[in-house]
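Source file: protein.tsv (TSV, C-alpha atoms and all ligand atoms)
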chain	number	residue	atom	x	y	z
U	1	MET	CA	-24.34	-26.95	7.22
U	2	SER	CA	-25.33	-26.47	10.85
U	3	GLY	CA	-24.41	-23.37	12.81
U	4	ALA	CA	-21.92	-25.37	14.84
U	5	GLN	CA	-20.30	-26.70	11.67
U	6	GLN	CA	-20.08	-23.19	10.23
U	7	ALA	CA	-18.51	-21.88	13.43
U	8	TRP	CA	-15.97	-24.71	13.35
U	9	LEU	CA	-15.18	-23.98	9.69
U	10	VAL	CA	-14.60	-20.29	10.40
U	11	ALA	CA	-12.37	-21.12	13.37
U	12	TRP	CA	-10.42	-23.60	11.25
U	13	ALA	CA	-9.96	-21.09	8.43
U	14	LEU	CA	-8.82	-18.35	10.81
U	15	ALA	CA	-6.36	-20.73	12.45
U	16	LEU	CA	-4.60	-21.14	9.09
U	17	ILE	CA	-3.87	-17.46	8.77
U	18	PRO	CA	-0.39	-16.42	9.82
U	19	ALA	CA	-0.71	-14.99	13.31
U	20	CYS	CA	0.52	-11.46	13.88
U	21	SER	CA	1.16	-9.49	17.00
U	22	HIS	CA	-0.35	-6.09	16.64
U	23	PRO	CA	0.17	-3.83	19.64
U	24	SER	CA	-2.37	-1.10	20.23
U	25	SER	CA	0.57	1.35	20.44
U	26	ASP	CA	0.77	0.90	16.66
U	27	ARG	CA	-2.22	3.21	16.44
U	28	PRO	CA	-3.03	6.48	18.19
U	29	ALA	CA	-5.54	6.49	21.04
U	30	CYS	CA	-8.73	8.47	20.40
U	31	GLY	CA	-9.18	11.88	21.98
U	32	THR	CA	-11.74	12.50	24.71
U	33	ASN	CA	-14.47	13.09	22.16
U	34	GLY	CA	-13.28	10.46	19.70
U	35	GLU	CA	-10.85	12.71	17.85
U	36	CYS	CA	-8.34	11.06	15.52
U	37	PRO	CA	-5.85	12.37	12.97
U	38	ASP	CA	-7.40	12.96	9.56
U	39	GLY	CA	-7.53	9.60	7.79
U	40	LEU	CA	-8.23	7.50	10.88
U	41	THR	CA	-11.47	6.93	12.76
U	42	CYS	CA	-12.15	6.04	16.38
U	43	SER	CA	-13.03	2.38	16.97
U	44	THR	CA	-15.22	1.01	19.72
U	45	GLN	CA	-11.95	0.13	21.48
U	46	ARG	CA	-11.06	3.85	21.48
U	47	ILE	CA	-8.15	3.30	19.08
U	48	CYS	CA	-7.70	5.33	15.88
U	49	GLU	CA	-8.02	2.86	13.00
U	50	LEU	CA	-7.79	2.98	9.23
U	51	PRO	CA	-11.50	2.90	8.39
U	52	GLY	CA	-12.69	-0.02	6.33
U	53	SER	CA	-9.68	-2.26	6.83
U	54	VAL	CA	-10.13	-5.93	7.44
U	55	PHE	CA	-7.58	-7.13	9.91
U	56	ILE	CA	-7.09	-10.35	11.78
U	57	ASP	CA	-4.54	-10.43	14.55
U	58	ALA	CA	-2.98	-13.05	16.79
U	59	ASN	CA	-5.84	-12.85	19.23
U	60	ILE	CA	-8.31	-14.82	17.18
U	61	ALA	CA	-10.82	-14.82	20.03
U	62	ASP	CA	-11.69	-11.18	19.53
U	63	ASP	CA	-11.93	-11.50	15.77
U	64	ALA	CA	-15.57	-12.42	15.43
U	65	ARG	CA	-15.58	-11.95	11.69
U	66	SER	CA	-12.97	-11.62	8.99
U	67	VAL	CA	-15.09	-9.37	6.81
U	68	PRO	CA	-16.97	-6.32	8.07
U	69	ASP	CA	-20.64	-6.06	7.24
U	70	ALA	CA	-23.45	-3.65	8.00
U	71	ASN	CA	-23.49	-4.81	11.61
U	72	ILE	CA	-20.27	-3.10	12.71
U	73	ALA	CA	-20.72	-4.25	16.29
U	74	ASP	CA	-19.81	-7.84	15.50
U	75	ASP	CA	-16.87	-7.00	13.25
U	76	ALA	CA	-13.36	-7.56	14.53
U	77	ARG	CA	-11.75	-4.35	13.45
U	78	VAL	CA	-9.74	-3.76	16.58
U	79	ASP	CA	-7.06	-4.39	15.76
U	80	ALA	CA	18.64	2.16	-12.18
U	81	ALA	CA	17.57	4.35	-14.78
U	82	PRO	CA	14.54	6.46	-15.43
U	83	SER	CA	11.90	4.34	-17.03
U	84	PRO	CA	11.98	5.08	-20.76
U	85	SER	CA	8.24	4.58	-21.00
U	86	ALA	CA	7.07	6.60	-18.01
U	87	MET	CA	4.66	9.13	-19.45
U	88	SER	CA	4.52	11.03	-16.18
U	89	CYS	CA	8.16	12.11	-16.42
U	90	VAL	CA	8.09	13.51	-19.93
U	91	GLY	CA	8.82	17.13	-19.18
U	92	PRO	CA	9.01	17.44	-15.39
U	93	ALA	CA	12.42	18.30	-13.97
U	94	MET	CA	14.63	15.80	-12.14
U	95	THR	CA	13.67	16.72	-8.60
U	96	CYS	CA	13.12	13.52	-6.63
U	97	GLY	CA	15.19	11.49	-4.19
U	98	ALA	CA	17.64	12.18	-1.40
U	99	SER	CA	19.54	14.84	-3.36
U	100	GLY	CA	16.55	16.26	-5.20
U	101	ASN	CA	18.06	15.57	-8.63
U	102	ASP	CA	16.77	12.13	-9.57
U	103	SER	CA	13.97	11.35	-11.99
U	104	CYS	CA	10.76	10.78	-10.07
U	105	CYS	CA	10.19	7.89	-12.50
U	106	THR	CA	13.39	5.96	-11.77
U	107	SER	CA	12.55	2.27	-12.01
U	108	LEU	CA	14.88	-0.39	-10.63
U	109	ALA	CA	15.46	-4.00	-11.58
U	110	VAL	CA	14.34	-6.69	-9.18
U	111	PRO	CA	15.83	-10.12	-9.98
U	112	GLY	CA	13.50	-13.09	-9.75
U	113	GLY	CA	13.66	-15.72	-7.05
U	114	THR	CA	11.78	-17.76	-4.49
U	115	TYR	CA	10.77	-16.63	-1.02
U	116	PHE	CA	8.08	-17.07	1.61
U	117	ARG	CA	5.18	-14.61	1.63
U	118	SER	CA	4.42	-12.79	4.88
U	119	TYR	CA	7.40	-14.44	6.55
U	120	ASP	CA	10.47	-12.75	8.00
U	121	LYS	CA	13.47	-13.79	10.06
U	122	ALA	CA	12.88	-11.33	12.87
U	123	ALA	CA	13.49	-12.74	16.31
U	124	ASP	CA	10.02	-11.81	17.58
U	125	GLY	CA	8.46	-14.60	15.52
U	126	ALA	CA	5.49	-12.42	14.59
U	127	LEU	CA	5.68	-13.49	10.93
U	128	ALA	CA	7.17	-16.95	11.28
U	129	ASP	CA	4.93	-19.10	9.06
U	130	MET	CA	6.92	-20.57	6.14
U	131	GLY	CA	3.86	-22.16	4.59
U	132	TRP	CA	3.40	-19.76	1.69
U	133	PRO	CA	6.29	-20.00	-0.80
U	134	ALA	CA	6.18	-18.07	-4.07
U	135	THR	CA	8.46	-17.76	-7.08
U	136	ILE	CA	8.75	-14.39	-8.78
U	137	GLY	CA	10.10	-13.62	-12.23
U	138	ALA	CA	12.34	-10.63	-12.84
U	139	PHE	CA	10.51	-7.29	-13.02
U	140	ARG	CA	11.16	-3.62	-12.40
U	141	LEU	CA	9.66	-1.75	-9.49
U	142	ASP	CA	9.70	2.04	-9.40
U	143	LYS	CA	12.09	3.54	-6.88
U	144	TYR	CA	9.46	5.99	-5.66
U	145	GLU	CA	5.84	6.16	-4.71
U	146	VAL	CA	3.84	8.04	-7.36
U	147	THR	CA	4.16	11.74	-6.62
U	148	VAL	CA	1.61	14.52	-6.86
U	149	GLY	CA	3.56	15.96	-9.79
U	150	ARG	CA	3.38	12.69	-11.72
U	151	PHE	CA	-0.31	12.32	-10.99
U	152	ARG	CA	-0.84	15.89	-12.18
U	153	ALA	CA	0.81	14.97	-15.50
U	154	PHE	CA	-1.73	12.14	-15.79
U	155	VAL	CA	-4.72	14.36	-14.99
U	156	ASN	CA	-3.53	16.96	-17.50
U	157	ALA	CA	-2.49	14.57	-20.29
U	158	GLU	CA	-5.89	14.55	-21.97
U	159	ILE	CA	-9.33	15.82	-21.08
U	160	GLY	CA	-10.95	13.56	-18.52
U	161	MET	CA	-7.98	11.27	-17.86
U	162	GLY	CA	-8.67	8.68	-15.19
U	163	THR	CA	-12.39	9.44	-15.14
U	164	GLN	CA	-15.48	8.01	-16.80
U	165	ALA	CA	-15.02	10.72	-19.44
U	166	ASN	CA	-11.73	9.13	-20.57
U	167	PRO	CA	-11.22	5.72	-18.96
U	168	PRO	CA	-8.39	3.29	-19.75
U	169	MET	CA	-8.83	1.01	-22.76
U	170	ALA	CA	-10.03	-2.48	-21.92
U	171	GLY	CA	-6.98	-4.62	-21.17
U	172	ALA	CA	-4.72	-1.67	-20.29
U	173	GLY	CA	-2.08	-2.48	-17.68
U	174	ALA	CA	-2.32	-6.23	-18.29
U	175	ARG	CA	0.50	-8.52	-17.20
U	176	ALA	CA	1.94	-10.84	-19.81
U	177	ASN	CA	1.58	-13.99	-17.71
U	178	ILE	CA	-1.44	-13.17	-15.56
U	179	ALA	CA	-4.94	-13.67	-16.90
U	180	MET	CA	-7.59	-11.08	-16.01
U	181	SER	CA	-4.93	-8.58	-14.98
U	182	GLY	CA	-5.75	-5.78	-17.43
U	183	TRP	CA	-8.36	-3.06	-17.16
U	184	ASP	CA	-11.93	-4.36	-17.23
U	185	ALA	CA	-14.51	-2.05	-18.77
U	186	SER	CA	-16.83	-2.77	-15.85
U	187	TRP	CA	-14.37	-0.85	-13.68
U	188	ASN	CA	-15.14	2.39	-15.54
U	189	ALA	CA	-18.08	2.87	-13.20
U	190	GLY	CA	-15.62	3.03	-10.30
U	191	LEU	CA	-14.00	6.17	-11.70
U	192	ALA	CA	-15.07	9.73	-10.94
U	193	ALA	CA	-17.52	11.16	-13.47
U	194	ASN	CA	-15.15	13.80	-14.83
U	195	THR	CA	-12.07	15.82	-13.95
U	196	ALA	CA	-13.96	18.29	-11.77
U	197	ALA	CA	-15.39	15.43	-9.71
U	198	LEU	CA	-11.99	13.73	-9.55
U	199	THR	CA	-10.07	16.75	-8.31
U	200	THR	CA	-12.74	17.34	-5.68
U	201	GLU	CA	-12.55	13.75	-4.47
U	202	LEU	CA	-8.73	13.83	-4.42
U	203	ARG	CA	-9.04	16.26	-1.52
U	204	CYS	CA	-10.33	13.52	0.79
U	205	SER	CA	-9.00	15.32	3.86
U	206	SER	CA	-9.12	18.98	4.77
U	207	THR	CA	-5.64	18.81	6.28
U	208	SER	CA	-3.60	15.95	4.82
U	209	SER	CA	-4.52	15.51	1.15
U	210	THR	CA	-1.43	16.07	-0.96
U	211	TRP	CA	-3.26	17.03	-4.17
U	212	THR	CA	-3.60	20.74	-4.96
U	213	ASP	CA	-5.37	22.05	-8.07
U	214	ALA	CA	-2.33	24.18	-8.93
U	215	ALA	CA	1.23	22.88	-8.64
U	216	GLY	CA	2.63	23.84	-5.24
U	217	ALA	CA	4.67	22.63	-2.30
U	218	ASN	CA	3.50	19.03	-2.51
U	219	GLU	CA	4.67	18.04	-5.99
U	220	ASN	CA	7.24	15.53	-4.70
U	221	ARG	CA	5.12	14.20	-1.88
U	222	PRO	CA	3.32	10.89	-2.48
U	223	MET	CA	-0.07	11.19	-4.13
U	224	ASN	CA	-2.69	10.07	-1.62
U	225	CYS	CA	-6.50	9.87	-1.54
U	226	ILE	CA	-6.53	7.78	-4.74
U	227	THR	CA	-8.74	4.75	-5.25
U	228	TRP	CA	-7.49	1.40	-6.52
U	229	PHE	CA	-9.14	2.24	-9.86
U	230	GLU	CA	-7.14	5.47	-10.17
U	231	ALA	CA	-3.95	3.70	-9.13
U	232	MET	CA	-4.50	1.06	-11.81
U	233	ALA	CA	-5.42	3.66	-14.46
U	234	PHE	CA	-2.35	5.75	-13.62
U	235	CYS	CA	0.18	2.92	-13.85
U	236	ALA	CA	-1.34	1.64	-17.11
U	237	TRP	CA	-1.12	5.11	-18.66
U	238	ASP	CA	2.42	5.51	-17.34
U	239	GLY	CA	3.61	2.48	-19.29
U	240	GLY	CA	3.57	0.11	-16.34
U	241	PHE	CA	1.15	-1.81	-14.19
U	242	LEU	CA	0.39	-2.50	-10.56
U	243	PRO	CA	2.79	-4.89	-8.85
U	244	THR	CA	1.24	-8.09	-7.62
U	245	GLU	CA	0.97	-8.59	-3.88
U	246	ALA	CA	3.66	-11.28	-4.13
U	247	GLU	CA	6.00	-9.00	-6.12
U	248	TRP	CA	5.56	-6.14	-3.67
U	249	ASN	CA	6.19	-8.40	-0.68
U	250	TYR	CA	9.24	-9.92	-2.44
U	251	ALA	CA	10.82	-6.51	-3.04
U	252	ALA	CA	10.07	-5.27	0.48
U	253	THR	CA	11.42	-8.34	2.23
U	254	GLY	CA	14.52	-8.50	0.02
U	255	GLY	CA	13.53	-11.85	-1.51
U	256	ASP	CA	15.30	-14.77	0.15
U	257	GLU	CA	16.87	-12.48	2.75
U	258	GLN	CA	13.36	-12.33	4.29
U	259	ARG	CA	13.92	-8.95	5.90
U	260	ALA	CA	11.51	-7.69	8.52
U	261	TYR	CA	11.74	-4.16	7.11
U	262	PRO	CA	13.02	-3.31	3.65
U	263	TRP	CA	16.33	-2.09	5.10
U	264	SER	CA	16.81	-4.78	7.76
U	265	ASP	CA	20.26	-6.21	7.18
U	266	PRO	CA	21.08	-8.57	8.78
U	267	ALA	CA	17.50	-9.67	8.43
U	268	ALA	CA	16.99	-10.49	12.10
U	269	ASP	CA	17.91	-6.97	13.27
U	270	LEU	CA	14.64	-5.35	14.26
U	271	THR	CA	16.17	-2.45	16.15
U	272	LYS	CA	16.61	-0.25	13.13
U	273	LEU	CA	13.26	1.54	12.90
U	274	ASP	CA	13.18	5.28	13.48
U	275	GLY	CA	12.36	8.49	11.70
U	276	MET	CA	15.56	8.20	9.67
U	277	HIS	CA	14.27	5.05	8.00
U	278	ALA	CA	10.60	5.72	7.44
U	279	SER	CA	7.64	8.03	7.93
U	280	TYR	CA	5.37	6.24	10.43
U	281	PHE	CA	3.66	6.54	13.82
U	282	ASP	CA	5.95	5.81	16.77
U	283	GLY	CA	3.22	5.49	19.38
U	284	ILE	CA	3.17	9.20	20.15
U	285	ASN	CA	3.76	11.14	16.93
U	286	CYS	CA	3.89	10.81	13.20
U	287	VAL	CA	7.66	11.08	12.90
U	288	GLY	CA	8.13	11.66	9.19
U	289	ASP	CA	8.72	15.41	9.43
U	290	GLY	CA	10.46	15.37	12.81
U	291	MET	CA	7.72	17.54	14.29
U	292	ALA	CA	5.01	16.64	16.80
U	293	GLY	CA	1.60	15.71	15.49
U	294	CYS	CA	0.37	14.25	12.22
U	295	GLN	CA	0.08	16.58	9.25
U	296	VAL	CA	0.67	16.77	5.52
U	297	THR	CA	4.41	17.36	6.03
U	298	ASP	CA	4.64	13.85	7.49
U	299	LEU	CA	3.96	12.71	3.92
U	300	VAL	CA	7.61	13.27	3.12
U	301	ALA	CA	9.00	13.96	-0.34
U	302	VAL	CA	9.67	10.56	-1.90
U	303	GLY	CA	13.14	9.11	-1.42
U	304	THR	CA	14.24	11.57	1.25
U	305	LYS	CA	14.89	8.83	3.81
U	306	PRO	CA	17.45	6.78	1.85
U	307	THR	CA	18.57	4.82	4.91
U	308	GLY	CA	15.20	3.12	4.58
U	309	ASP	CA	15.77	1.92	1.01
U	310	GLY	CA	15.28	-1.77	0.30
U	311	ARG	CA	17.64	-4.46	-1.02
U	312	TRP	CA	17.12	-3.37	-4.62
U	313	GLY	CA	17.00	0.36	-3.93
U	314	GLN	CA	13.31	1.17	-3.69
U	315	SER	CA	12.49	3.98	-1.23
U	316	ASP	CA	9.62	4.30	1.21
U	317	LEU	CA	8.29	0.77	0.70
U	318	ALA	CA	7.61	0.89	4.43
U	319	GLY	CA	5.58	3.88	5.57
U	320	ASN	CA	4.71	7.25	4.01
U	321	VAL	CA	1.71	5.80	2.11
U	322	PHE	CA	0.32	2.30	1.77
U	323	GLU	CA	0.60	1.15	-1.84
U	324	TRP	CA	-2.26	-0.45	-3.78
U	325	VAL	CA	-1.30	-3.71	-5.52
U	326	LEU	CA	-3.07	-5.70	-8.23
U	327	ASP	CA	-4.55	-8.46	-6.11
U	328	TRP	CA	-7.99	-8.89	-4.71
U	329	TYR	CA	-7.71	-9.75	-1.04
U	330	ALA	CA	-7.97	-13.44	-0.24
U	331	PRO	CA	-7.66	-14.21	3.49
U	332	LEU	CA	-5.54	-17.25	2.75
U	333	TYR	CA	-2.62	-17.32	0.37
U	334	ARG	CA	-2.43	-20.11	-2.16
U	335	ALA	CA	-0.14	-22.83	-0.80
U	336	SER	CA	2.53	-21.96	-3.35
U	337	CYS	CA	2.58	-20.05	-6.59
U	338	LEU	CA	4.55	-18.92	-9.63
U	339	ASN	CA	4.07	-15.28	-10.74
U	340	CYS	CA	0.66	-15.42	-9.13
U	341	ALA	CA	-1.99	-12.86	-8.34
U	342	GLU	CA	-5.51	-13.09	-6.97
U	343	THR	CA	-7.55	-11.91	-9.96
U	344	THR	CA	-10.82	-13.62	-9.05
U	345	PRO	CA	-13.14	-10.80	-8.01
U	346	ALA	CA	-13.68	-10.46	-4.28
U	347	THR	CA	-14.61	-7.53	-2.05
U	348	TYR	CA	-11.32	-5.82	-1.20
U	349	ARG	CA	-8.07	-4.98	-2.92
U	350	VAL	CA	-4.75	-5.32	-1.12
U	351	HIS	CA	-2.53	-2.42	-0.13
U	352	ARG	CA	0.86	-2.84	1.46
U	353	GLY	CA	3.53	-1.15	3.53
U	354	GLY	CA	1.91	0.90	6.28
U	355	SER	CA	1.64	4.66	6.35
U	356	PHE	CA	2.73	7.85	8.06
U	357	LEU	CA	-0.28	7.43	10.38
U	358	LEU	CA	0.33	3.89	11.58
U	359	GLY	CA	2.86	2.03	13.66
U	360	ALA	CA	5.73	-0.40	13.39
U	361	PHE	CA	3.93	-3.64	12.67
U	362	HIS	CA	2.09	-2.14	9.70
U	363	LEU	CA	5.50	-1.42	8.15
U	364	ARG	CA	6.69	-5.03	8.29
U	365	ALA	CA	7.25	-6.41	4.80
U	366	GLY	CA	4.89	-9.28	5.52
U	367	TYR	CA	1.99	-7.22	6.84
U	368	ARG	CA	-1.20	-7.31	4.75
U	369	ASP	CA	-4.00	-4.75	4.60
U	370	ASN	CA	-6.91	-4.19	2.27
U	371	ASP	CA	-9.88	-1.98	1.50
U	372	SER	CA	-12.65	-1.51	-0.99
U	373	PRO	CA	-11.21	-0.52	-4.40
U	374	ALA	CA	-13.27	2.67	-4.19
U	375	PHE	CA	-11.76	3.65	-0.83
U	376	ARG	CA	-9.78	6.88	-0.49
U	377	ASN	CA	-7.52	7.65	2.44
U	378	VAL	CA	-4.67	10.04	3.15
U	379	GLY	CA	-2.57	7.00	4.04
U	380	ILE	CA	-2.95	5.15	0.70
U	381	GLY	CA	-1.16	5.79	-2.60
U	382	VAL	CA	0.62	3.66	-5.19
U	383	ARG	CA	3.92	2.66	-6.81
U	384	CYS	CA	4.07	1.20	-10.32
U	385	ALA	CA	5.88	-1.89	-11.61
U	386	ARG	CA	7.18	-2.49	-15.13
U	387	ALA	CA	8.34	-5.24	-17.43
U	388	PRO	CA	11.99	-6.26	-16.93
P	1	CA	CA	4.87	14.93	12.55
P	2	CA	CA	5.07	3.32	1.09
Same coordinates, now as structure tokens:
Amino acid sequence: MSGAQQAWLVAWALALIPACSHPSSDRPACGTNGECPDGLTCSTQRICELPGSVFIDANIADDARSVPDANIADDARVDAAPSPSAMSCVGPAMTCGASGNDSCCTSLAVPGGTYFRSYDKAADGALADMGWPATIGAFRLDKYEVTVGRFRAFVNAEIGMGTQANPPMAGAGARANIAMSGWDASWNAGLAANTAALTTELRCSSTSSTWTDAAGANENRPMNCITWFEAMAFCAWDGGFLPTEAEWNYAATGGDEQRAYPWSDPAADLTKLDGMHASYFDGINCVGDGMAGCQVTDLVAVGTKPTGDGRWGQSDLAGNVFEWVLDWYAPLYRASCLNCAETTPATYRVHRGGSFLLGAFHLRAGYRDNDSPAFRNVGIGVRCARAP
């Protein structure tokens, strides 16, 4: 294929991707010397970005590549009831949610249905492509992001849990109807060598990691700084599995209501986004804790902003931490699908929902982001799904 043909093919492929507006105010500007909040890095455009993300925005012209490579300069990176089987809540007190007395492992039913992926009814038309329908079977999705306390139960369950010293069994966390969805032994190499290495790596930030080696003030905050491998291993051990990208999107957008944010009701009302609904970046501050600046307290205790709950009751789907999902990242969705997931190995895994460090558009139910499965960031955690 000639260079001109290749260029045309890339342009054609990019043109198929749902266009998104992505204002620079969604991300903090860099300081004079390139300073950014912990977890973000300064781009060549002097905007604090989530490092490693692959993002394509509405301005295709500045997106020279869809996948970053070693030559950074040419990469477009501008822009219900407690679950009976949740191992992580055997023992810990009922301390989660808006009143601080709910099981941190509450898992809520999501009825099946058909919807359009990365589409919402918001009047701004930013996610207006109805070309990607999907049908989802009934499942359960945990009400809360996985907390530090739950992750601690995992680390302490047996010697070496979630590390190469004690990896998941092959096939763990598999989905009944999705081939290649369980743990693959080749992923063991992606785990930390042992518990000492793991607990060191879990402190991926000097200021905003939520993990502490001894139980402390962060037990009900979302666990961050975990890789996709650790997210997968945790949910499998906990009696669940990672939601698919389509399931996560379905729950966040309220299925056929096609909400812009999980709480948007009526769906076209985009005005309801503030610090009461979510922990996010408002263009000036991380607003989760109501205080100026971005710090670990902006990683709010799960479920403490109930006005931001979704159609089926899940909390913090938008903001606080991005949530790893099962799928490998494919730039284009399949045209339509039934209980689908991208399980063909690629380079990046998908995470969804935006974080305490990033702005409004990242929180939209249809927004997609992705990183290497080995990536750790203060803005990325996980939420588990379960069989209905
Ligand atoms: Ca703050
Ligand atoms: Ca979240």
| field | Counting all atoms listed in the file, the residue of U:Thr106, U:Gln314, U:Asn177, U:Thr343 that sits nearest ligand CA 2 (chain P) | value | U:Gln314
| field | Test item: residues at most 10 Å from stretch 293-296 of chain U, only C-alpha atoms, excluding those fewer than 2 positions along its chain, as a VMD selection string | value | chain U and resid 36 to 38 205 207 to 210 218 221 280 to 281 284 to 291 298 to 300 356 to 357 378
Residues from last step as file, C-alpha atoms, as a PDB file, in the coordinates of the input:
ATOM      1  CA  CYS U  36      -8.340  11.060  15.520  1.00  0.00           C
ATOM      2  CA  PRO U  37      -5.850  12.370  12.970  1.00  0.00           C
ATOM      3  CA  ASP U  38      -7.400  12.960   9.560  1.00  0.00           C
ATOM      4  CA  SER U 205      -9.000  15.320   3.860  1.00  0.00           C
ATOM      5  CA  THR U 207      -5.640  18.810   6.280  1.00  0.00           C
ATOM      6  CA  SER U 208      -3.600  15.950   4.820  1.00  0.00           C
ATOM      7  CA  SER U 209      -4.520  15.510   1.150  1.00  0.00           C
ATOM      8  CA  THR U 210      -1.430  16.070  -0.960  1.00  0.00           C
ATOM      9  CA  ASN U 218       3.500  19.030  -2.510  1.00  0.00           C
ATOM     10  CA  ARG U 221       5.120  14.200  -1.880  1.00  0.00           C
ATOM     11  CA  TYR U 280       5.370   6.240  10.430  1.00  0.00           C
ATOM     12  CA  PHE U 281       3.660   6.540  13.820  1.00  0.00           C
ATOM     13  CA  ILE U 284       3.170   9.200  20.150  1.00  0.00           C
ATOM     14  CA  ASN U 285       3.760  11.140  16.930  1.00  0.00           C
ATOM     15  CA  CYS U 286       3.890  10.810  13.200  1.00  0.00           C
ATOM     16  CA  VAL U 287       7.660  11.080  12.900  1.00  0.00           C
ATOM     17  CA  GLY U 288       8.130  11.660   9.190  1.00  0.00           C
ATOM     18  CA  ASP U 289       8.720  15.410   9.430  1.00  0.00           C
ATOM     19  CA  GLY U 290      10.460  15.370  12.810  1.00  0.00           C
ATOM     20  CA  MET U 291       7.720  17.540  14.290  1.00  0.00           C
ATOM     21  CA  ASP U 298       4.640  13.850   7.490  1.00  0.00           C
ATOM     22  CA  LEU U 299       3.960  12.710   3.920  1.00  0.00           C
ATOM     23  CA  VAL U 300       7.610  13.270   3.120  1.00  0.00           C
ATOM     24  CA  PHE U 356       2.730   7.850   8.060  1.00  0.00           C
ATOM     25  CA  LEU U 357      -0.280   7.430  10.380  1.00  0.00           C
ATOM     26  CA  VAL U 378      -4.670  10.040   3.150  1.00  0.00           C
TER      27      VAL U 378
END
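Straight-line separation from atom CA of U:Met130 to atom CA of U:Tyr115: 9.0 Å.
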| Nearest candidate to ligand CA 1 (chain P) (options U:Gly359, U:Gly113, U:Gly275, U:Gly131; using only C-alpha atoms and all ligand atoms) |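 Checking each candidate against ligand CA 1 (chain P), we get U:Gly275 as the closest.
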| said: Hey, which residues sit close to ligand CA 2 (chain P)? Say within 10 Å, counting all atoms listed in the file, and write them as a count of residues only. | reply: 33
| message | Neighbouring residues of U:Cys384 were defined as those with any atom within 6 Å, considering only C-alpha atoms; residues of the same chain fewer than 2 positions away were excluded. Please report them as a ChimeraX atom specification. | response | /U:142,235,241-242
| task | Kindly indicate which residue among U:Gly283, U:Gly182, U:Gly216, U:Gly254 lies nearest to ligand CA 1 (chain P), using only C-alpha atoms and all ligand atoms for the distances. | result |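 Once distances to ligand CA 1 (chain P) are computed over only C-alpha atoms and all ligand atoms, the minimum belongs to U:Gly283.
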| field | Atom-to-atom span, atom CA of U:Ala217 and atom CA of U:Val155, Å | value |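 A separation of 17.8 Å between them.
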